[in-house]
Amino acid sequence: VFAEEEAQLLLGAAAGSAEELERLVVARVGGMPLEPLLGWAEFCGLRIVVEPGVFVPRRRTELLAECALEAVRSSVHATAGDAVAAVDLCCGTGAVGAVLQARGGGRVEVHAADLDAAAVANARRNIRPPENVHEGDLYDALPERLRGRVDVLAVNAPYVPTAAIATMPPEARDHEAAMALDGGDDGLDIQRRVVAGASGWLSPRGVLLIETSEEQSPLTAALLREAGLLPEIRRDDDRDATIVIGRTGTTQFL
Ligand code: GLN
């Protein structure tokens, strides 16, 4: 967002109140990201509710949402009438799940999970029904009945190496939970746990999609291969977006 557009957005959010505008501008100048000040972010053409302190949906993550949507549609196509189950794991605001729900057609049952209570509360405003947003550590959060039934597992787990957090913009460093960014020494700690647990939750035609960095993508792909999934790296330079898609041996499409 350019400065002029940002000023327009803040003016709109203040809705004519000079006091409110002052409050918003002071917070923004103090480094608060734009989106929680407005209360929303645009993501894949949807307005996603964004609450303060929760990881702001990034433009780059639209690639994850688009490819997960493609997988949902393939899955709907491949099944005659059954519901397709999709999970947005490490959901933050639930932006990815919200896209799958809005665009996946009526047959997709979307669940989301996050360890952070603030993220769960936020995602419950973006995903319906709110009970489908679960609080807990990765798969521990999910209802047992989804085991072996997840057709699309979309994950934007924190993947920033601990030492690199200090180099992130202050909007992220100071105003987003460290829990949403910090991926441990090499940035892959949480991805490792996600990949190790995936096969127990994926359906026979299930697809795992993980956002990662371009640099880390060969390592993310190797994790998938070790877990017996066929990895494919997809990259979008315009959005500086990289994801790795993992298919089970039995998946014949996509
Ligand atoms: N560098 C990534 C970003 O800001 C961090 C995302 C993540 O850790 N999931 O988009």
# chains A, B, ... in the order shown; residues from 1 in each chain; ligands from 1
call {"tool": "select_by_dssp", "arguments": {"residues": "range 16-220 of chain A", "states": "strand (DSSP E)", "output": "ChimeraX atom specification"}}
result
/A:40-43,46-49,84-89,108-114,133-135,150-155,202-212
call {"tool": "residues_around", "arguments": {"residues": "range 126-137 of chain A", "least_positions_apart": "5", "cutoff": "6 Å", "atoms": "only C-alpha atoms", "output": "list of chain:residue names"}}
result
A:Ala98, A:His111, A:Ala112, A:Ala113, A:Asp114, A:Leu115
call {"tool": "write_last_selection", "arguments": {"atoms": "all heavy atoms", "output": "PDB file, in the first residue's frame"}}
result
ATOM      1  N   ALA A  98     -10.575 -18.812   5.223  1.00  0.00           N
ATOM      2  CA  ALA A  98     -11.700 -17.988   4.772  1.00  0.00           C
ATOM      3  C   ALA A  98     -11.808 -18.005   3.250  1.00  0.00           C
ATOM      4  O   ALA A  98     -12.911 -18.032   2.692  1.00  0.00           O
ATOM      5  CB  ALA A  98     -11.545 -16.556   5.290  1.00  0.00           C
ATOM      6  N   HIS A 111     -11.783 -26.241   8.538  1.00  0.00           N
ATOM      7  CA  HIS A 111     -11.366 -26.133   9.933  1.00  0.00           C
ATOM      8  C   HIS A 111     -10.087 -25.309   9.989  1.00  0.00           C
ATOM      9  O   HIS A 111      -9.342 -25.241   9.009  1.00  0.00           O
ATOM     10  CB  HIS A 111     -11.099 -27.514  10.529  1.00  0.00           C
ATOM     11  CG  HIS A 111     -12.346 -28.323  10.719  1.00  0.00           C
ATOM     12  ND1 HIS A 111     -12.981 -28.430  11.932  1.00  0.00           N
ATOM     13  CD2 HIS A 111     -13.086 -29.026   9.825  1.00  0.00           C
ATOM     14  CE1 HIS A 111     -14.064 -29.187  11.787  1.00  0.00           C
ATOM     15  NE2 HIS A 111     -14.155 -29.564  10.524  1.00  0.00           N
ATOM     16  N   ALA A 112      -9.843 -24.716  11.147  1.00  0.00           N
ATOM     17  CA  ALA A 112      -8.615 -23.950  11.326  1.00  0.00           C
ATOM     18  C   ALA A 112      -8.123 -24.166  12.744  1.00  0.00           C
ATOM     19  O   ALA A 112      -8.912 -24.506  13.636  1.00  0.00           O
ATOM     20  CB  ALA A 112      -8.866 -22.473  11.068  1.00  0.00           C
ATOM     21  N   ALA A 113      -6.813 -24.003  12.945  1.00  0.00           N
ATOM     22  CA  ALA A 113      -6.263 -24.176  14.295  1.00  0.00           C
ATOM     23  C   ALA A 113      -5.065 -23.271  14.505  1.00  0.00           C
ATOM     24  O   ALA A 113      -4.317 -22.975  13.565  1.00  0.00           O
ATOM     25  CB  ALA A 113      -5.845 -25.640  14.512  1.00  0.00           C
ATOM     26  N   ASP A 114      -4.914 -22.843  15.752  1.00  0.00           N
ATOM     27  CA  ASP A 114      -3.756 -22.045  16.128  1.00  0.00           C
ATOM     28  C   ASP A 114      -3.486 -22.243  17.618  1.00  0.00           C
ATOM     29  O   ASP A 114      -4.396 -22.518  18.394  1.00  0.00           O
ATOM     30  CB  ASP A 114      -3.991 -20.552  15.824  1.00  0.00           C
ATOM     31  CG  ASP A 114      -2.690 -19.795  15.615  1.00  0.00           C
ATOM     32  OD1 ASP A 114      -1.969 -19.535  16.611  1.00  0.00           O
ATOM     33  OD2 ASP A 114      -2.374 -19.460  14.461  1.00  0.00           O
ATOM     34  N   LEU A 115      -2.224 -22.073  17.983  1.00  0.00           N
ATOM     35  CA  LEU A 115      -1.802 -22.204  19.379  1.00  0.00           C
ATOM     36  C   LEU A 115      -2.140 -20.950  20.178  1.00  0.00           C
ATOM     37  O   LEU A 115      -2.310 -21.002  21.390  1.00  0.00           O
ATOM     38  CB  LEU A 115      -0.279 -22.452  19.384  1.00  0.00           C
ATOM     39  CG  LEU A 115       0.447 -22.666  20.701  1.00  0.00           C
ATOM     40  CD1 LEU A 115      -0.163 -23.812  21.497  1.00  0.00           C
ATOM     41  CD2 LEU A 115       1.925 -22.953  20.433  1.00  0.00           C
TER      42      LEU A 115
END
call {"tool": "residues_near_ligand", "arguments": {"ligand": "ligand 1", "cutoff": "7 Å", "atoms": "only C-alpha atoms and all ligand atoms", "output": "ChimeraX atom specification"}}
result
/A:58,60,156-160,180-183
call {"tool": "closest_residue", "arguments": {"among": "A:Arg125, A:Ser213, A:Val84, A:Gly104", "to": "Gly39 in chain A", "atoms": "only C-alpha atoms"}}
result
A:Arg125
call {"tool": "residues_around", "arguments": {"residues": "Glu232 in chain A", "least_positions_apart": "3", "cutoff": "7 Å", "atoms": "only C-alpha atoms", "output": "PyMOL selection string"}}
result
chain A and resi 244-246
call {"tool": "residues_around", "arguments": {"residues": "range 186-201 of chain A", "least_positions_apart": "6", "cutoff": "7 Å", "atoms": "only C-alpha atoms", "output": "JSON, numbers by chain"}}
result
{"A": [146, 147, 148, 149, 150, 157, 158, 159, 160, 161, 162, 223, 224, 227]}
call {"tool": "closest_residue", "arguments": {"among": "A:Val72, A:Val56, A:Ala7, A:Ala164", "to": "Arg205 in chain A", "atoms": "only C-alpha atoms"}}
result
A:Val72
call {"tool": "residues_around", "arguments": {"residues": "Ala154 in chain A", "least_positions_apart": "6", "cutoff": "7 Å", "atoms": "only C-alpha atoms", "output": "number ranges by chain"}}
result
A: 68, 87-89, 208-210
call {"tool": "select_by_dssp", "arguments": {"residues": "range 211-244 of chain A", "states": "alpha helix (DSSP H)", "output": "ChimeraX atom specification"}}
result
/A:217-226
call {"tool": "write_last_selection", "arguments": {"atoms": "all heavy atoms", "output": "CSV table (one decimal), in the first residue's frame"}}
result
chain,number,residue,atom,x,y,z
A,217,SER,N,13.2,-23.5,0.7
A,217,SER,CA,12.3,-24.4,0.1
A,217,SER,C,12.9,-25.8,-0.3
A,217,SER,O,12.2,-26.8,-0.1
A,217,SER,CB,11.7,-23.8,-1.2
A,217,SER,OG,12.7,-23.4,-2.1
A,218,PRO,N,14.2,-25.9,-0.6
A,218,PRO,CA,14.7,-27.3,-0.8
A,218,PRO,C,14.7,-28.1,0.5
A,218,PRO,O,14.5,-29.3,0.4
A,218,PRO,CB,16.2,-27.0,-1.3
A,218,PRO,CG,16.2,-25.6,-1.7
A,218,PRO,CD,15.2,-24.9,-0.9
A,219,LEU,N,14.9,-27.4,1.6
A,219,LEU,CA,14.9,-28.1,2.9
A,219,LEU,C,13.5,-28.5,3.2
A,219,LEU,O,13.2,-29.6,3.7
A,219,LEU,CB,15.4,-27.2,4.0
A,219,LEU,CG,16.9,-26.7,3.8
A,219,LEU,CD1,17.3,-25.6,4.8
A,219,LEU,CD2,17.8,-27.9,3.9
A,220,THR,N,12.5,-27.6,3.0
A,220,THR,CA,11.1,-28.0,3.2
A,220,THR,C,10.7,-29.2,2.3
A,220,THR,O,10.1,-30.2,2.8
A,220,THR,CB,10.2,-26.8,2.9
A,220,THR,OG1,10.6,-25.7,3.7
A,220,THR,CG2,8.7,-27.1,3.3
A,221,ALA,N,11.1,-29.1,1.1
A,221,ALA,CA,10.8,-30.3,0.1
A,221,ALA,C,11.5,-31.6,0.6
A,221,ALA,O,10.9,-32.6,0.6
A,221,ALA,CB,11.3,-29.9,-1.3
A,222,ALA,N,12.7,-31.5,1.2
A,222,ALA,CA,13.4,-32.7,1.7
A,222,ALA,C,12.6,-33.3,2.9
A,222,ALA,O,12.5,-34.5,3.0
A,222,ALA,CB,14.8,-32.3,2.1
A,223,LEU,N,12.0,-32.4,3.7
A,223,LEU,CA,11.2,-32.9,4.9
A,223,LEU,C,10.1,-33.7,4.3
A,223,LEU,O,9.7,-34.8,4.9
A,223,LEU,CB,10.7,-31.7,5.7
A,223,LEU,CG,11.7,-30.9,6.5
A,223,LEU,CD1,11.0,-29.8,7.2
A,223,LEU,CD2,12.5,-31.8,7.5
A,224,LEU,N,9.4,-33.2,3.3
A,224,LEU,CA,8.3,-33.9,2.7
A,224,LEU,C,8.7,-35.3,2.1
A,224,LEU,O,8.0,-36.3,2.4
A,224,LEU,CB,7.6,-33.1,1.6
A,224,LEU,CG,6.9,-31.8,2.1
A,224,LEU,CD1,6.3,-31.1,0.9
A,224,LEU,CD2,5.9,-32.0,3.1
A,225,ARG,N,9.8,-35.2,1.4
A,225,ARG,CA,10.3,-36.5,0.8
A,225,ARG,C,10.6,-37.5,1.9
A,225,ARG,O,10.2,-38.7,1.7
A,225,ARG,CB,11.5,-36.2,0.0
A,225,ARG,CG,11.7,-37.1,-1.3
A,225,ARG,CD,12.8,-36.6,-2.2
A,225,ARG,NE,12.5,-35.4,-2.9
A,225,ARG,CZ,13.2,-34.3,-2.8
A,225,ARG,NH1,14.1,-34.1,-1.9
A,225,ARG,NH2,12.9,-33.2,-3.5
A,226,GLU,N,11.2,-37.1,2.9
A,226,GLU,CA,11.5,-38.0,4.0
A,226,GLU,C,10.3,-38.6,4.6
A,226,GLU,O,10.3,-39.7,5.1
A,226,GLU,CB,12.3,-37.3,5.2
A,226,GLU,CG,13.8,-37.1,4.9
A,226,GLU,CD,14.3,-36.0,5.8
A,226,GLU,OE1,13.9,-36.0,7.0
A,226,GLU,OE2,15.2,-35.3,5.4
call {"tool": "residues_around", "arguments": {"residues": "Gly105 in chain A", "least_positions_apart": "5", "cutoff": "12 Å", "atoms": "only C-alpha atoms", "output": "list in words"}}
result
Leu69, Glu70, Val72, Arg73, Ser74, Ser75, Val76, His77, Gly81, Ala83, Val84, Ala85, Ala98, Val99, Leu100 and Val110 of chain A
call {"tool": "decode", "arguments": {"residues": "range 139-175 of chain A", "atoms": "N, CA and C atoms", "output": "compact mmCIF listing (two decimals), in the first residue's frame"}}
result
# COMPACT_ATOMS: atom_id res chain seq x y z
N TYR A 139 -1.67 -30.47 15.42
CA TYR A 139 -2.74 -31.46 15.25
C TYR A 139 -3.52 -31.74 16.54
N ASP A 140 -2.90 -31.48 17.70
CA ASP A 140 -3.61 -31.70 18.98
C ASP A 140 -4.91 -30.91 19.03
N ALA A 141 -4.94 -29.80 18.27
CA ALA A 141 -6.12 -28.93 18.30
C ALA A 141 -7.30 -29.53 17.54
N LEU A 142 -7.01 -30.43 16.60
CA LEU A 142 -8.05 -30.87 15.66
C LEU A 142 -8.96 -31.94 16.25
N PRO A 143 -10.24 -31.93 15.85
CA PRO A 143 -11.13 -32.99 16.31
C PRO A 143 -10.68 -34.35 15.75
N GLU A 144 -10.75 -35.35 16.60
CA GLU A 144 -10.32 -36.71 16.27
C GLU A 144 -10.93 -37.22 14.95
N ARG A 145 -12.18 -36.82 14.71
CA ARG A 145 -12.88 -37.36 13.54
C ARG A 145 -12.25 -36.91 12.21
N LEU A 146 -11.34 -35.93 12.26
CA LEU A 146 -10.68 -35.51 11.02
C LEU A 146 -9.46 -36.38 10.69
N ARG A 147 -9.06 -37.21 11.62
CA ARG A 147 -7.87 -38.05 11.42
C ARG A 147 -8.05 -38.93 10.17
N GLY A 148 -7.09 -38.85 9.26
CA GLY A 148 -7.16 -39.64 8.02
C GLY A 148 -8.18 -39.11 7.02
N ARG A 149 -8.74 -37.93 7.29
CA ARG A 149 -9.84 -37.42 6.45
C ARG A 149 -9.57 -36.04 5.85
N VAL A 150 -8.37 -35.50 6.09
CA VAL A 150 -8.11 -34.14 5.62
C VAL A 150 -7.64 -34.18 4.16
N ASP A 151 -8.42 -33.57 3.28
CA ASP A 151 -8.08 -33.59 1.86
C ASP A 151 -7.10 -32.49 1.49
N VAL A 152 -7.22 -31.36 2.17
CA VAL A 152 -6.32 -30.24 1.88
C VAL A 152 -5.84 -29.67 3.21
N LEU A 153 -4.52 -29.72 3.40
CA LEU A 153 -3.91 -29.24 4.64
C LEU A 153 -2.99 -28.08 4.27
N ALA A 154 -3.44 -26.86 4.55
CA ALA A 154 -2.69 -25.66 4.17
C ALA A 154 -2.05 -25.06 5.42
N VAL A 155 -0.74 -24.83 5.35
CA VAL A 155 0.00 -24.45 6.55
C VAL A 155 0.92 -23.26 6.28
N ASN A 156 0.73 -22.20 7.05
CA ASN A 156 1.73 -21.14 7.07
C ASN A 156 2.27 -21.08 8.50
N ALA A 157 3.11 -22.06 8.82
CA ALA A 157 3.72 -22.12 10.15
C ALA A 157 4.85 -21.10 10.20
N PRO A 158 5.18 -20.60 11.39
CA PRO A 158 6.31 -19.67 11.48
C PRO A 158 7.59 -20.31 10.94
N TYR A 159 8.29 -19.58 10.05
CA TYR A 159 9.50 -20.18 9.49
C TYR A 159 10.70 -19.24 9.47
N VAL A 160 10.61 -18.15 10.22
CA VAL A 160 11.75 -17.23 10.27
C VAL A 160 12.78 -17.77 11.26
N PRO A 161 14.06 -17.93 10.80
CA PRO A 161 15.09 -18.36 11.75
C PRO A 161 15.19 -17.33 12.90
N THR A 162 15.35 -17.82 14.12
CA THR A 162 15.32 -16.94 15.29
C THR A 162 16.21 -15.70 15.11
N ALA A 163 17.43 -15.91 14.60
CA ALA A 163 18.37 -14.79 14.48
C ALA A 163 17.92 -13.76 13.45
N ALA A 164 17.04 -14.14 12.52
CA ALA A 164 16.61 -13.23 11.46
C ALA A 164 15.43 -12.35 11.89
N ILE A 165 14.82 -12.65 13.04
CA ILE A 165 13.66 -11.87 13.49
C ILE A 165 14.05 -10.40 13.67
N ALA A 166 15.28 -10.18 14.17
CA ALA A 166 15.75 -8.81 14.43
C ALA A 166 15.83 -7.99 13.15
N THR A 167 15.93 -8.64 11.99
CA THR A 167 16.03 -7.92 10.73
C THR A 167 14.66 -7.67 10.08
N MET A 168 13.59 -8.15 10.73
CA MET A 168 12.24 -7.94 10.16
C MET A 168 11.79 -6.51 10.40
N PRO A 169 10.85 -5.99 9.59
CA PRO A 169 10.35 -4.63 9.82
C PRO A 169 9.72 -4.54 11.22
N PRO A 170 9.77 -3.35 11.84
CA PRO A 170 9.21 -3.19 13.19
C PRO A 170 7.75 -3.58 13.28
N GLU A 171 7.00 -3.42 12.18
CA GLU A 171 5.59 -3.82 12.19
C GLU A 171 5.45 -5.28 12.63
N ALA A 172 6.35 -6.12 12.12
CA ALA A 172 6.29 -7.54 12.47
C ALA A 172 6.97 -7.78 13.82
N ARG A 173 8.18 -7.26 13.95
CA ARG A 173 9.02 -7.51 15.13
C ARG A 173 8.34 -7.08 16.41
N ASP A 174 7.76 -5.88 16.40
CA ASP A 174 7.22 -5.30 17.63
C ASP A 174 5.72 -5.48 17.78
N HIS A 175 5.01 -5.81 16.71
CA HIS A 175 3.55 -5.81 16.81
C HIS A 175 2.90 -7.13 16.45
